[in-house]
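Coordinates from final_28.txt are shown below (compact mmCIF, C-alpha atoms).
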# COMPACT_ATOMS: atom_id res chain seq x y z
CA MET A 12 0.00 0.00 0.00
CA ALA A 13 1.02 3.59 -0.45
CA ASP A 14 2.43 5.52 2.43
CA ASP A 15 0.31 6.30 5.44
CA LYS A 16 2.28 9.20 6.76
CA GLN A 17 0.11 12.00 5.54
CA THR A 18 -2.66 13.28 7.72
CA GLU A 19 -6.34 13.06 6.90
CA ASP A 20 -6.63 16.58 5.61
CA SER A 21 -3.59 16.28 3.42
CA SER A 22 -4.24 17.80 0.06
CA THR A 23 -2.01 15.40 -1.81
CA ALA A 24 -3.35 11.97 -2.60
CA SER A 25 -1.32 8.81 -2.33
CA GLU A 26 -1.51 6.23 -5.03
CA ILE A 27 -3.23 2.97 -4.40
CA LYS A 28 -0.94 0.18 -5.41
CA SER A 29 -1.82 -3.45 -5.65
CA ASP A 30 0.18 -5.95 -3.66
CA GLY A 31 3.34 -6.66 -5.57
CA ASP A 32 2.60 -3.82 -7.96
CA LYS A 33 6.02 -2.65 -8.98
CA GLU A 34 5.10 -0.82 -12.13
CA ASN A 35 4.80 2.57 -10.48
CA SER A 36 8.50 2.54 -9.74
CA ASP A 37 9.13 2.07 -13.43
CA PRO A 38 9.41 5.56 -14.94
CA GLY A 39 8.35 4.25 -18.33
CA LYS A 40 4.95 3.27 -17.05
CA SER A 41 4.13 6.16 -14.75
CA ASP A 42 2.15 8.09 -17.34
CA LYS A 43 -1.20 6.51 -16.55
CA VAL A 44 -4.03 8.96 -15.91
CA LYS A 45 -4.87 9.11 -12.22
CA ILE A 46 -8.07 10.27 -10.61
CA ASP A 47 -8.34 11.51 -7.04
CA ILE A 48 -10.97 9.76 -4.99
CA LEU A 49 -12.14 10.62 -1.49
CA LEU A 50 -13.34 7.69 0.61
CA LYS A 51 -15.80 8.58 3.35
CA ALA A 52 -17.15 6.15 5.94
CA THR A 53 -20.84 6.08 6.70
CA GLY A 54 -23.05 4.10 9.06
CA ASN A 55 -21.14 1.50 11.04
CA ALA A 56 -18.08 1.39 8.78
CA PRO A 57 -14.68 2.11 10.33
CA ILE A 58 -13.08 5.30 9.05
CA MET A 59 -9.94 5.11 6.95
CA LYS A 60 -6.96 6.94 8.38
CA LYS A 61 -6.12 8.11 4.92
CA LYS A 62 -9.11 9.18 2.84
CA LYS A 63 -7.71 10.63 -0.34
CA TRP A 64 -6.22 8.34 -2.95
CA ALA A 65 -5.07 8.59 -6.54
CA VAL A 66 -6.42 5.76 -8.66
CA ASP A 67 -5.77 4.60 -12.19
CA ALA A 68 -8.68 6.04 -14.22
CA GLU A 69 -9.25 2.72 -15.99
CA LYS A 70 -9.82 0.71 -12.79
CA PRO A 71 -13.30 -0.67 -12.09
CA ILE A 72 -15.20 0.19 -8.91
CA GLY A 73 -14.96 -3.45 -7.80
CA TRP A 74 -11.20 -3.02 -7.56
CA ILE A 75 -11.66 -0.07 -5.17
CA MET A 76 -14.09 -2.11 -3.09
CA GLU A 77 -11.47 -4.84 -2.73
CA PHE A 78 -8.87 -2.25 -1.78
CA VAL A 79 -11.06 -0.72 0.96
CA LYS A 80 -11.91 -4.18 2.29
CA LYS A 81 -8.23 -5.03 2.49
CA TYR A 82 -7.33 -1.67 4.02
CA LEU A 83 -10.00 -2.06 6.72
CA LYS A 84 -8.96 -5.71 7.18
CA LEU A 85 -12.51 -6.95 6.70
CA GLU A 86 -13.17 -10.67 6.61
CA PRO A 87 -13.56 -12.09 3.09
CA ASP A 88 -17.28 -12.75 3.68
CA GLU A 89 -17.98 -9.26 5.07
CA LYS A 90 -19.83 -7.01 2.68
CA LEU A 91 -18.88 -3.52 1.62
CA PHE A 92 -21.10 -1.09 -0.26
CA LEU A 93 -19.86 1.93 -2.18
CA TYR A 94 -22.09 4.89 -3.05
CA VAL A 95 -21.86 7.86 -5.37
CA ASN A 96 -23.62 11.10 -4.39
CA GLN A 97 -24.94 9.24 -1.33
CA THR A 98 -27.56 7.94 -3.71
CA PHE A 99 -26.69 4.94 -5.84
CA ALA A 100 -24.31 1.98 -5.76
CA PRO A 101 -22.36 1.82 -9.03
CA SER A 102 -21.89 -1.56 -10.66
CA PRO A 103 -18.56 -3.17 -9.70
CA ASP A 104 -17.55 -3.21 -13.36
CA GLN A 105 -18.17 0.52 -13.87
CA LEU A 106 -14.94 2.41 -14.49
CA VAL A 107 -13.69 5.10 -12.10
CA LYS A 108 -13.17 7.36 -15.13
CA ASN A 109 -16.85 7.22 -16.17
CA LEU A 110 -18.05 8.06 -12.66
CA TYR A 111 -15.55 10.88 -12.28
CA GLU A 112 -16.63 12.43 -15.58
CA CYS A 113 -20.29 12.39 -14.57
CA PHE A 114 -20.23 12.83 -10.80
CA GLY A 115 -16.82 14.25 -9.91
CA THR A 116 -16.72 17.58 -8.04
CA ASP A 117 -13.79 19.90 -7.35
CA GLY A 118 -11.39 17.62 -9.16
CA LYS A 119 -12.23 14.49 -7.24
CA LEU A 120 -14.75 11.70 -6.97
CA VAL A 121 -16.35 11.28 -3.53
CA LEU A 122 -17.29 7.71 -2.61
CA HIS A 123 -19.12 6.77 0.58
CA TYR A 124 -18.64 3.26 1.89
CA CYS A 125 -20.48 1.25 4.48
CA LYS A 126 -20.90 -2.33 5.63
CA SER A 127 -24.65 -2.49 5.17
CA GLN A 128 -26.93 -1.08 2.50
CA ALA A 129 -27.25 2.64 3.22
CA TRP A 130 -29.11 4.17 0.32
CA GLY A 131 -30.87 1.09 -1.04
CA MET B 3 -43.05 13.79 -21.09
CA ALA B 4 -43.30 10.88 -23.44
CA ASN B 5 -46.34 11.11 -25.66
CA ASP B 6 -45.44 8.89 -28.59
CA ARG B 7 -46.99 6.01 -26.74
CA GLU B 8 -46.90 3.62 -29.69
CA VAL B 9 -43.12 3.91 -29.73
CA LEU B 10 -42.92 2.98 -26.04
CA ARG B 11 -45.18 0.00 -26.70
CA GLU B 12 -43.15 -1.17 -29.72
CA ILE B 13 -39.94 -1.00 -27.73
CA TRP B 14 -41.55 -2.81 -24.81
CA ASP B 15 -42.89 -5.61 -27.05
CA GLY B 16 -39.51 -6.25 -28.68
CA LYS B 17 -38.60 -9.94 -28.31
CA LEU B 18 -35.73 -12.20 -29.28
CA PRO B 19 -35.89 -15.93 -30.07
CA ILE B 20 -33.10 -17.68 -28.21
CA CYS B 21 -31.73 -21.18 -28.60
CA PHE B 22 -29.92 -22.38 -25.50
CA GLN B 23 -27.48 -25.29 -25.83
CA LEU B 24 -25.66 -27.00 -23.00
CA ALA B 25 -21.87 -26.83 -23.29
CA GLN B 26 -20.70 -30.17 -24.79
CA GLU B 27 -18.12 -30.88 -22.08
CA GLU B 28 -20.77 -30.62 -19.36
CA ILE B 29 -23.10 -33.28 -20.78
CA MET B 30 -22.87 -36.35 -18.54
CA GLU B 31 -25.67 -38.42 -20.12
CA ILE B 32 -25.42 -40.64 -23.19
CA GLN B 33 -28.55 -39.02 -24.54
CA GLN B 34 -27.91 -35.52 -25.83
CA PRO B 35 -30.22 -32.84 -24.38
CA ASP B 36 -32.51 -31.06 -26.84
CA PRO B 37 -31.74 -27.39 -27.26
CA PHE B 38 -34.12 -25.13 -25.35
CA TYR B 39 -35.95 -22.52 -27.40
CA VAL B 40 -37.65 -19.50 -25.88
CA MET B 41 -38.86 -16.01 -26.85
CA VAL B 42 -37.64 -13.44 -24.34
CA PRO B 43 -38.35 -9.72 -23.97
CA ARG B 44 -35.45 -7.61 -25.22
CA LEU B 45 -35.84 -5.32 -22.18
CA SER B 46 -35.50 -8.11 -19.61
CA TYR B 47 -32.44 -9.65 -17.96
CA PHE B 48 -31.27 -13.24 -18.39
CA PRO B 49 -31.69 -14.27 -14.71
CA LEU B 50 -35.39 -13.32 -14.99
CA VAL B 51 -36.12 -15.60 -17.95
CA THR B 52 -33.88 -18.66 -17.55
CA ASP B 53 -35.44 -20.67 -14.65
CA LYS B 54 -37.17 -23.17 -16.96
CA MET B 55 -34.15 -23.51 -19.20
CA LYS B 56 -31.95 -24.22 -16.21
CA ARG B 57 -34.29 -26.99 -15.00
CA HIS B 58 -34.31 -28.48 -18.49
CA PHE B 59 -30.53 -28.91 -18.52
CA LEU B 60 -29.92 -29.81 -14.87
CA ARG B 61 -30.58 -33.52 -15.36
CA PHE B 62 -27.92 -33.78 -18.05
CA ILE B 63 -25.03 -32.46 -15.99
CA SER B 64 -22.92 -33.95 -13.23
CA GLN B 65 -24.88 -33.62 -9.97
CA GLU B 66 -21.89 -32.18 -8.17
CA ASN B 67 -22.23 -29.10 -10.42
CA ALA B 68 -25.99 -28.74 -10.03
CA ASP B 69 -25.71 -26.03 -7.36
CA ASN B 70 -23.10 -24.04 -9.26
CA GLU B 71 -23.97 -20.66 -10.68
CA MET B 72 -25.10 -20.93 -14.28
CA TRP B 73 -23.63 -18.60 -16.90
CA LEU B 74 -24.00 -18.02 -20.62
CA ASP B 75 -21.73 -17.31 -23.52
CA TYR B 76 -22.14 -16.31 -27.15
CA ASN B 77 -19.29 -17.50 -29.38
CA GLY B 78 -17.00 -17.77 -26.37
CA GLN B 79 -17.94 -14.31 -25.10
CA PRO B 80 -19.41 -14.54 -21.54
CA LEU B 81 -22.66 -12.56 -21.31
CA LYS B 82 -23.08 -10.07 -18.45
CA TRP B 83 -26.42 -10.75 -16.76
CA HIS B 84 -26.69 -7.16 -15.53
CA TYR B 85 -27.06 -5.81 -19.08
CA PRO B 86 -30.49 -5.99 -20.76
CA ILE B 87 -30.82 -8.95 -23.14
CA GLY B 88 -31.62 -6.84 -26.21
CA PHE B 89 -28.59 -4.68 -25.59
CA LEU B 90 -26.31 -7.75 -25.42
CA TYR B 91 -27.73 -8.95 -28.73
CA ASP B 92 -27.16 -5.56 -30.38
CA LEU B 93 -23.63 -5.46 -29.00
CA TYR B 94 -22.51 -8.89 -30.18
CA CYS B 95 -24.88 -9.63 -33.07
CA GLY B 96 -25.94 -6.19 -34.28
CA ILE B 97 -23.73 -6.15 -37.35
CA ASP B 98 -24.41 -9.74 -38.35
CA PRO B 99 -27.93 -10.61 -37.09
CA GLN B 100 -28.48 -14.26 -36.25
CA LEU B 101 -31.88 -15.66 -35.31
CA PRO B 102 -32.53 -17.56 -33.22
CA TRP B 103 -29.66 -16.32 -31.10
CA THR B 104 -27.73 -19.45 -30.11
CA LEU B 105 -26.16 -19.30 -26.66
CA THR B 106 -24.14 -21.83 -24.70
CA VAL B 107 -25.07 -22.72 -21.11
CA HIS B 108 -22.39 -23.48 -18.51
CA PHE B 109 -22.42 -24.74 -14.94
CA THR B 110 -18.65 -24.87 -14.43
CA LYS B 111 -15.60 -22.65 -14.94
CA PHE B 112 -17.40 -19.42 -13.97
CA PRO B 113 -15.37 -16.57 -15.53
CA GLU B 114 -14.71 -14.64 -12.29
CA ASP B 115 -12.75 -11.89 -13.99
CA VAL B 116 -15.49 -11.08 -16.49
CA LEU B 117 -18.86 -11.69 -14.85
CA LEU B 118 -20.41 -10.50 -11.62
CA HIS B 119 -22.03 -13.13 -9.42
CA CYS B 120 -25.79 -13.35 -9.41
CA PRO B 121 -26.87 -15.70 -6.60
CA ASN B 122 -30.56 -14.72 -6.86
CA LYS B 123 -33.06 -12.29 -8.39
CA ASP B 124 -32.72 -9.84 -5.48
CA VAL B 125 -29.26 -9.02 -6.81
CA VAL B 126 -30.77 -8.20 -10.20
CA GLU B 127 -33.37 -5.99 -8.52
CA ALA B 128 -30.72 -4.16 -6.47
CA HIS B 129 -28.65 -3.56 -9.59
CA TYR B 130 -31.69 -2.39 -11.52
CA MET B 131 -32.91 0.03 -8.82
CA SER B 132 -29.43 1.46 -8.40
CA THR B 133 -29.19 2.16 -12.12
CA VAL B 134 -32.60 3.88 -12.13
CA LYS B 135 -31.38 6.03 -9.22
CA GLU B 136 -28.22 6.96 -11.07
CA ALA B 137 -30.30 7.94 -14.10
CA ASP B 138 -32.53 10.09 -11.91
CA VAL B 139 -29.50 11.85 -10.41
CA LEU B 140 -28.49 12.77 -13.95
CA LYS B 141 -31.99 13.84 -15.04
CA HIS B 142 -33.50 15.46 -11.92
CA ARG B 143 -30.71 15.50 -9.31
CA GLY B 144 -32.31 12.36 -7.89
CA GLN B 145 -35.42 14.18 -6.74
CA VAL B 146 -38.02 11.95 -8.38
CA MET B 147 -36.69 8.66 -7.00
CA SER B 148 -36.18 10.11 -3.52
CA THR B 149 -39.76 11.43 -3.32
CA MET B 150 -41.27 8.14 -4.53
CA GLN B 151 -42.48 5.60 -2.02
CA LYS B 152 -41.07 2.12 -1.62
CA LYS B 153 -44.21 0.67 -3.22
CA ASP B 154 -43.60 2.78 -6.33
CA HIS B 155 -40.07 1.38 -6.60
CA ASN B 156 -41.52 -2.12 -6.23
CA GLN B 157 -44.12 -1.46 -8.90
CA LEU B 158 -41.40 -0.38 -11.33
CA TRP B 159 -39.45 -3.58 -10.73
CA LEU B 160 -42.49 -5.87 -10.76
CA GLY B 161 -43.74 -4.26 -13.96
CA LEU B 162 -40.45 -5.10 -15.63
CA GLN B 163 -40.12 -8.54 -14.07
CA ASN B 164 -43.67 -9.58 -15.00
CA ASP B 165 -43.69 -7.87 -18.41
CA LYS B 166 -46.57 -5.53 -17.44
CA PHE B 167 -46.36 -2.41 -19.59
CA ASP B 168 -49.13 -0.39 -17.87
CA GLN B 169 -47.92 -1.22 -14.37
CA PHE B 170 -44.38 -0.18 -15.28
CA TRP B 171 -45.24 3.01 -17.15
CA ALA B 172 -47.67 4.24 -14.48
CA ILE B 173 -44.54 4.88 -12.39
CA ASN B 174 -41.89 5.32 -15.05
CA ARG B 175 -43.75 8.28 -16.62
CA ARG B 176 -42.84 10.31 -13.52
CA LEU B 177 -39.17 9.58 -14.13
CA MET B 178 -39.57 10.79 -17.72
CA GLU B 179 -41.02 14.20 -16.84
CA SER B 180 -39.03 17.39 -17.22
CA HIS B 181 -38.81 19.71 -14.23
CA GLY B 182 -38.40 23.44 -13.79
CA ASP B 183 -38.80 26.10 -16.44
CA ASN B 184 -36.76 24.21 -18.98
CA GLU B 185 -38.13 21.53 -21.20
CA GLY B 186 -35.83 18.61 -20.86
CA PHE B 187 -33.62 16.77 -18.42
CA LYS B 188 -30.57 18.23 -16.74
CA HIS B 189 -28.48 15.53 -18.35
CA ILE B 190 -29.26 12.54 -20.54
CA PRO B 191 -28.49 9.15 -18.92
CA ILE B 192 -26.49 7.52 -21.68
CA ARG B 193 -23.88 4.78 -22.01
CA ILE B 194 -22.08 4.10 -25.25
CA TYR B 195 -20.36 0.76 -25.82
CA SER B 196 -17.66 -0.30 -28.24
CA ASP B 197 -17.81 -3.78 -29.73
CA ASP B 198 -15.21 -4.96 -27.19
CA GLY B 199 -17.84 -4.22 -24.53
CA SER B 200 -16.05 -1.23 -23.01
CA CYS B 201 -18.44 1.40 -21.70
CA PHE B 202 -18.15 5.15 -22.19
CA GLN B 203 -20.25 7.45 -20.03
CA ARG B 204 -20.12 11.26 -20.03
CA LEU B 205 -22.33 14.16 -19.01
CA VAL B 206 -24.53 14.94 -22.00
CA SER B 207 -26.92 17.87 -22.04
CA PRO B 208 -30.14 17.67 -24.09
CA LYS B 209 -29.47 21.21 -25.28
CA ASN B 210 -26.77 23.04 -27.16
CA VAL B 211 -25.09 26.10 -25.68
CA ASP B 212 -27.49 28.36 -27.59
CA GLY B 213 -30.49 26.63 -26.04
CA SER B 214 -31.54 24.71 -29.14
CA ARG B 215 -32.24 21.02 -28.73
CA LYS B 216 -29.26 18.79 -29.29
CA VAL B 217 -29.50 15.98 -31.83
CA LEU B 218 -27.53 12.74 -31.97
CA GLN B 219 -25.13 14.03 -34.63
CA GLN B 220 -24.13 16.98 -32.41
CA MET B 221 -23.51 14.72 -29.44
CA ILE B 222 -21.33 12.41 -31.55
CA ALA B 223 -19.29 15.39 -32.76
CA GLU B 224 -18.72 16.44 -29.12
CA LEU B 225 -17.82 13.02 -27.79
CA TYR B 226 -15.82 11.79 -30.78
CA PRO B 227 -14.27 14.96 -32.28
CA ASP B 228 -11.68 13.05 -34.30
CA LYS B 229 -13.89 10.33 -35.71
CA ILE B 230 -16.28 10.48 -38.61
CA ASN B 231 -19.12 8.24 -39.70
CA ILE B 232 -19.95 6.89 -36.27
CA LYS B 233 -23.35 5.25 -36.14
CA LEU B 234 -25.17 4.17 -33.02
CA ARG B 235 -27.53 1.24 -32.60
CA THR B 236 -30.12 0.40 -29.96
CA HIS B 237 -33.18 -1.90 -29.88
CA GLY B 238 -32.00 -3.35 -33.20
CA ILE B 239 -32.25 0.06 -34.90
CA THR B 240 -29.50 2.23 -36.34
CA LEU B 241 -30.52 5.64 -35.00
CA PRO B 242 -31.15 8.54 -37.42
CA LEU B 243 -28.53 11.21 -36.70
CA ASP B 244 -31.09 14.02 -36.51
CA THR B 245 -32.92 12.43 -33.55
CA PRO B 246 -33.21 14.89 -30.63
CA LEU B 247 -31.51 13.51 -27.51
CA GLN B 248 -34.39 14.46 -25.21
CA TRP B 249 -36.88 12.51 -27.33
CA LEU B 250 -34.44 9.60 -27.54
CA SER B 251 -34.07 9.51 -23.76
CA GLU B 252 -37.84 9.61 -23.16
CA HIS B 253 -38.69 6.93 -25.71
CA MET B 254 -35.70 4.67 -26.34
CA SER B 255 -34.23 4.29 -22.85
CA TYR B 256 -34.16 0.82 -21.34
CA PRO B 257 -36.30 0.26 -18.22
CA ASP B 258 -33.23 1.21 -16.14
CA ASN B 259 -33.76 4.71 -17.62
CA PHE B 260 -30.44 4.66 -19.49
CA LEU B 261 -29.87 4.81 -23.22
CA HIS B 262 -27.56 1.90 -24.01
CA LEU B 263 -26.07 2.57 -27.44
CA CYS B 264 -23.66 0.41 -29.41
CA VAL B 265 -21.09 1.98 -31.72
CA CYS B 266 -21.31 0.47 -35.20
How does the structure come out when it is put into structure tokens?
Amino acid sequence: MADDKQTEDSSTASEIKSDGDKENSDPGKSDKVKIDILLKATGNAPIMKKKKWAVDAEKPIGWIMEFVKKYLKLEPDEKLFLYVNQTFAPSPDQLVKNLYECFGTDGKLVLHYCKSQAWG
Amino acid sequence: MANDREVLREIWDGKLPICFQLAQEEIMEIQQPDPFYVMVPRLSYFPLVTDKMKRHFLRFISQENADNEMWLDYNGQPLKWHYPIGFLYDLYCGIDPQLPWTLTVHFTKFPEDVLLHCPNKDVVEAHYMSTVKEADVLKHRGQVMSTMQKKDHNQLWLGLQNDKFDQFWAINRRLMESHGDNEGFKHIPIRIYSDDGSCFQRLVSPKNVDGSRKVLQQMIAELYPDKINIKLRTHGITLPLDTPLQWLSEHMSYPDNFLHLCVC
């Protein structure tokens, strides 16, 4: 995972890296478009120490869900729901880029997460 | 609000003949199973129309696989259950129509990296309602869905699930109304798909900057500035380029309130 040193209100976002993901240290491959996402806990979900992350624009929402589950050390059978605009749960195969283009505000995409269905 | 009611009815009544065949390697009986033929609504989803087909094939497969999640492919391409059936046909068969549409049924080797799991119909309903909500956020800042009652949401879903046009449209008409002083939605819920299945979604206004109504050709020029001769297909139709987007959204959206268009 990316570094945890920054505080919650840090304005710079760390990159989410997959386990064993070495490609970001390769200068030849660092030109991928990144999108800033802000992860906010709701309901009974534990808050994340670091909320702002830079994500590869081509990643699907399901990949972010897996990342949050891992970060929060949830059990594999525990559920996690992600919401856009505190209204709808995007499909796990929807791309971060599409959501950012339609629902991003102030240069970032805000995603609320919780462990039970919050907004149906 | 939609007033070309015949168009809504035509779209609703669209059906596809499908021929389901069990994957050869899964047949455990000496006797080959007959293919299973069925007419299905284009606007429906596969998990809503495949119960009988599944029962038909279950006795031909190894019993240890009987509780596995069933999945479908067309020509080796796994079919996403959370897309409407008619859209999947347009995406993979639109250029070279094939009827009946012959699909292969599997009970093993679920393609985890391609398909979402669908353990029951509640998952389809949750996905459907969420998509309607997203569409309403785009059209009316989510105000119509949030002021509806739970029973209205249920009626929408049951209308679709049970193929009841009047039941569905009694509620859906409210989602198709324009609010405020302006005629038209804030944005048009639209997804455009390439033939590799990748989805492209952007904010699209039903109006041009000068206030005139935007037509398909103008949207294409905005979204694909460096491409020419792009055509878009939905419900088996190649759309005329002078179609106004607002009309298209009110009449040609799928029940999830999105326009699902295939590039061709």
message: Using only C-alpha atoms and a cut-off of 12 Å, which residues of chain A sit close to chain B? Please list them as an NGL selection string.
response: :A and (69 or 71 or 73-74 or 92-115 or 128-131)
Residues of the last selection are to be written out with C-alpha atoms, as a PDB file, keeping the file's coordinate frame.
ATOM      1  CA  GLU A  69      -9.250   2.720 -15.990  1.00  0.00           C
ATOM      2  CA  PRO A  71     -13.300  -0.670 -12.090  1.00  0.00           C
ATOM      3  CA  GLY A  73     -14.960  -3.450  -7.800  1.00  0.00           C
ATOM      4  CA  TRP A  74     -11.200  -3.020  -7.560  1.00  0.00           C
ATOM      5  CA  PHE A  92     -21.100  -1.090  -0.260  1.00  0.00           C
ATOM      6  CA  LEU A  93     -19.860   1.930  -2.180  1.00  0.00           C
ATOM      7  CA  TYR A  94     -22.090   4.890  -3.050  1.00  0.00           C
ATOM      8  CA  VAL A  95     -21.860   7.860  -5.370  1.00  0.00           C
ATOM      9  CA  ASN A  96     -23.620  11.100  -4.390  1.00  0.00           C
ATOM     10  CA  GLN A  97     -24.940   9.240  -1.330  1.00  0.00           C
ATOM     11  CA  THR A  98     -27.560   7.940  -3.710  1.00  0.00           C
ATOM     12  CA  PHE A  99     -26.690   4.940  -5.840  1.00  0.00           C
ATOM     13  CA  ALA A 100     -24.310   1.980  -5.760  1.00  0.00           C
ATOM     14  CA  PRO A 101     -22.360   1.820  -9.030  1.00  0.00           C
ATOM     15  CA  SER A 102     -21.890  -1.560 -10.660  1.00  0.00           C
ATOM     16  CA  PRO A 103     -18.560  -3.170  -9.700  1.00  0.00           C
ATOM     17  CA  ASP A 104     -17.550  -3.210 -13.360  1.00  0.00           C
ATOM     18  CA  GLN A 105     -18.170   0.520 -13.870  1.00  0.00           C
ATOM     19  CA  LEU A 106     -14.940   2.410 -14.490  1.00  0.00           C
ATOM     20  CA  VAL A 107     -13.690   5.100 -12.100  1.00  0.00           C
ATOM     21  CA  LYS A 108     -13.170   7.360 -15.130  1.00  0.00           C
ATOM     22  CA  ASN A 109     -16.850   7.220 -16.170  1.00  0.00           C
ATOM     23  CA  LEU A 110     -18.050   8.060 -12.660  1.00  0.00           C
ATOM     24  CA  TYR A 111     -15.550  10.880 -12.280  1.00  0.00           C
ATOM     25  CA  GLU A 112     -16.630  12.430 -15.580  1.00  0.00           C
ATOM     26  CA  CYS A 113     -20.290  12.390 -14.570  1.00  0.00           C
ATOM     27  CA  PHE A 114     -20.230  12.830 -10.800  1.00  0.00           C
ATOM     28  CA  GLY A 115     -16.820  14.250  -9.910  1.00  0.00           C
ATOM     29  CA  GLN A 128     -26.930  -1.080   2.500  1.00  0.00           C
ATOM     30  CA  ALA A 129     -27.250   2.640   3.220  1.00  0.00           C
ATOM     31  CA  TRP A 130     -29.110   4.170   0.320  1.00  0.00           C
ATOM     32  CA  GLY A 131     -30.870   1.090  -1.040  1.00  0.00           C
TER      33      GLY A 131
END
- request: Choose the residue, out of A:Lys70, A:Lys80, A:Lys45, A:Lys119, that has the smallest atom-to-atom separation from Pro57 (chain A); count all atoms listed in the file.
  value: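 Comparing A:Lys70, A:Lys80, A:Lys45, A:Lys119 against Pro57 (chain A), the winner is A:Lys80.
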task: Can you work out which one of A:Leu91, A:Leu85, A:Val79, A:Leu49 has the shortest atom-to-atom distance to Lys63 (chain A), counting all atoms listed in the file?
output: A:Leu49
Polymer residues at most 12 Å from (-17.9, -14.8, -29.6) by only C-alpha atoms, as a list in words: Leu74, Asp75, Tyr76, Asn77, Gly78, Gln79, Pro80, Leu81, Leu90, Tyr91, Leu93, Tyr94, Cys95, Trp103, Thr104, Leu105, Thr106, Asp197, Asp198 and Gly199 of chain B
message: Applying 12 Å and only C-alpha atoms, which residues near Glu66 (chain B) remain after dropping the ones on its own chain fewer than 3 positions away? List them as a list of chain:residue names.
response: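 Counting only the stated atoms, we get B:Glu28, B:Met30, B:Leu60, B:Arg61, B:Phe62, B:Ile63, B:Asp69, B:Asn70, B:Glu71, B:Phe109, B:Thr110.
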Just-selected residues, C-alpha atoms written as a short mmCIF file (atom, residue, chain, number, x, y, z; two decimals), in the coordinates of the input:
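Output file result-v3.cif follows:
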data_model
loop_
_atom_site.label_atom_id
_atom_site.label_comp_id
_atom_site.auth_asym_id
_atom_site.auth_seq_id
_atom_site.Cartn_x
_atom_site.Cartn_y
_atom_site.Cartn_z
CA GLU B 28 -20.77 -30.62 -19.36
CA MET B 30 -22.87 -36.35 -18.54
CA LEU B 60 -29.92 -29.81 -14.87
CA ARG B 61 -30.58 -33.52 -15.36
CA PHE B 62 -27.92 -33.78 -18.05
CA ILE B 63 -25.03 -32.46 -15.99
CA ASP B 69 -25.71 -26.03 -7.36
CA ASN B 70 -23.10 -24.04 -9.26
CA GLU B 71 -23.97 -20.66 -10.68
CA PHE B 109 -22.42 -24.74 -14.94
CA THR B 110 -18.65 -24.87 -14.43
#
field: Which of B:Ala25, B:Met72, B:Val217, B:Leu158 sits closest to Pro37 (chain B) [using all atoms listed in the file]
entry: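 Of B:Ala25, B:Met72, B:Val217, B:Leu158, the one nearest Pro37 (chain B) is B:Ala25, counting all atoms listed in the file.
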message: For a quick check of understanding, using only C-alpha atoms, which of B:Ser196, B:Phe112, B:Thr52, B:His237 has the smallest distance to Lys17 (chain B)?
response: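 So, comparing all the options, the nearest one is B:His237.
Here CA of Glu89 (chain A) and CA of Trp64 (chain A) stand 22.6 Å from one another.
The space between CA of Val44 (chain A) and CA of His123 (chain A) spans 22.5 Å.
Note that CA of Ile222 (chain B) and CA of Asn210 (chain B) are 12.7 Å apart.
Near Ile48 (chain A), within a cut-off of 8 Å and counting only C-alpha atoms, sit the residues A:Ile46, A:Leu50, A:Lys63, A:Trp64, A:Ala65, A:Val66, A:Lys119, A:Leu120, A:Val121, A:Leu122, with same-chain residues fewer than 2 positions away left out.
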Please determine an axis-aligned box that encloses all atoms of region 9-26 of chain B listed in the file, with 6 Å added on each side, and express its centre and edge lengths in Å to one decimal as AutoDock Vina command-line options.
--center_x -32.9 --center_y -13.1 --center_z -26.5 --size_x 36.5 --size_y 46.1 --size_z 19.1
message: Could you check the closest approach to Val125 (chain B) for each of B:Trp171, B:Pro49, B:Lys152, B:Ile190 and tell me which residue wins, using all atoms listed in the file?
response: B:Pro49
field: Nearest candidate to Val9 (chain B) (options B:Lys166, B:Lys188, B:Lys141, B:His253; using all atoms listed in the file)
entry: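 Residue with the minimum atom-to-atom distance to Val9 (chain B): B:His253.
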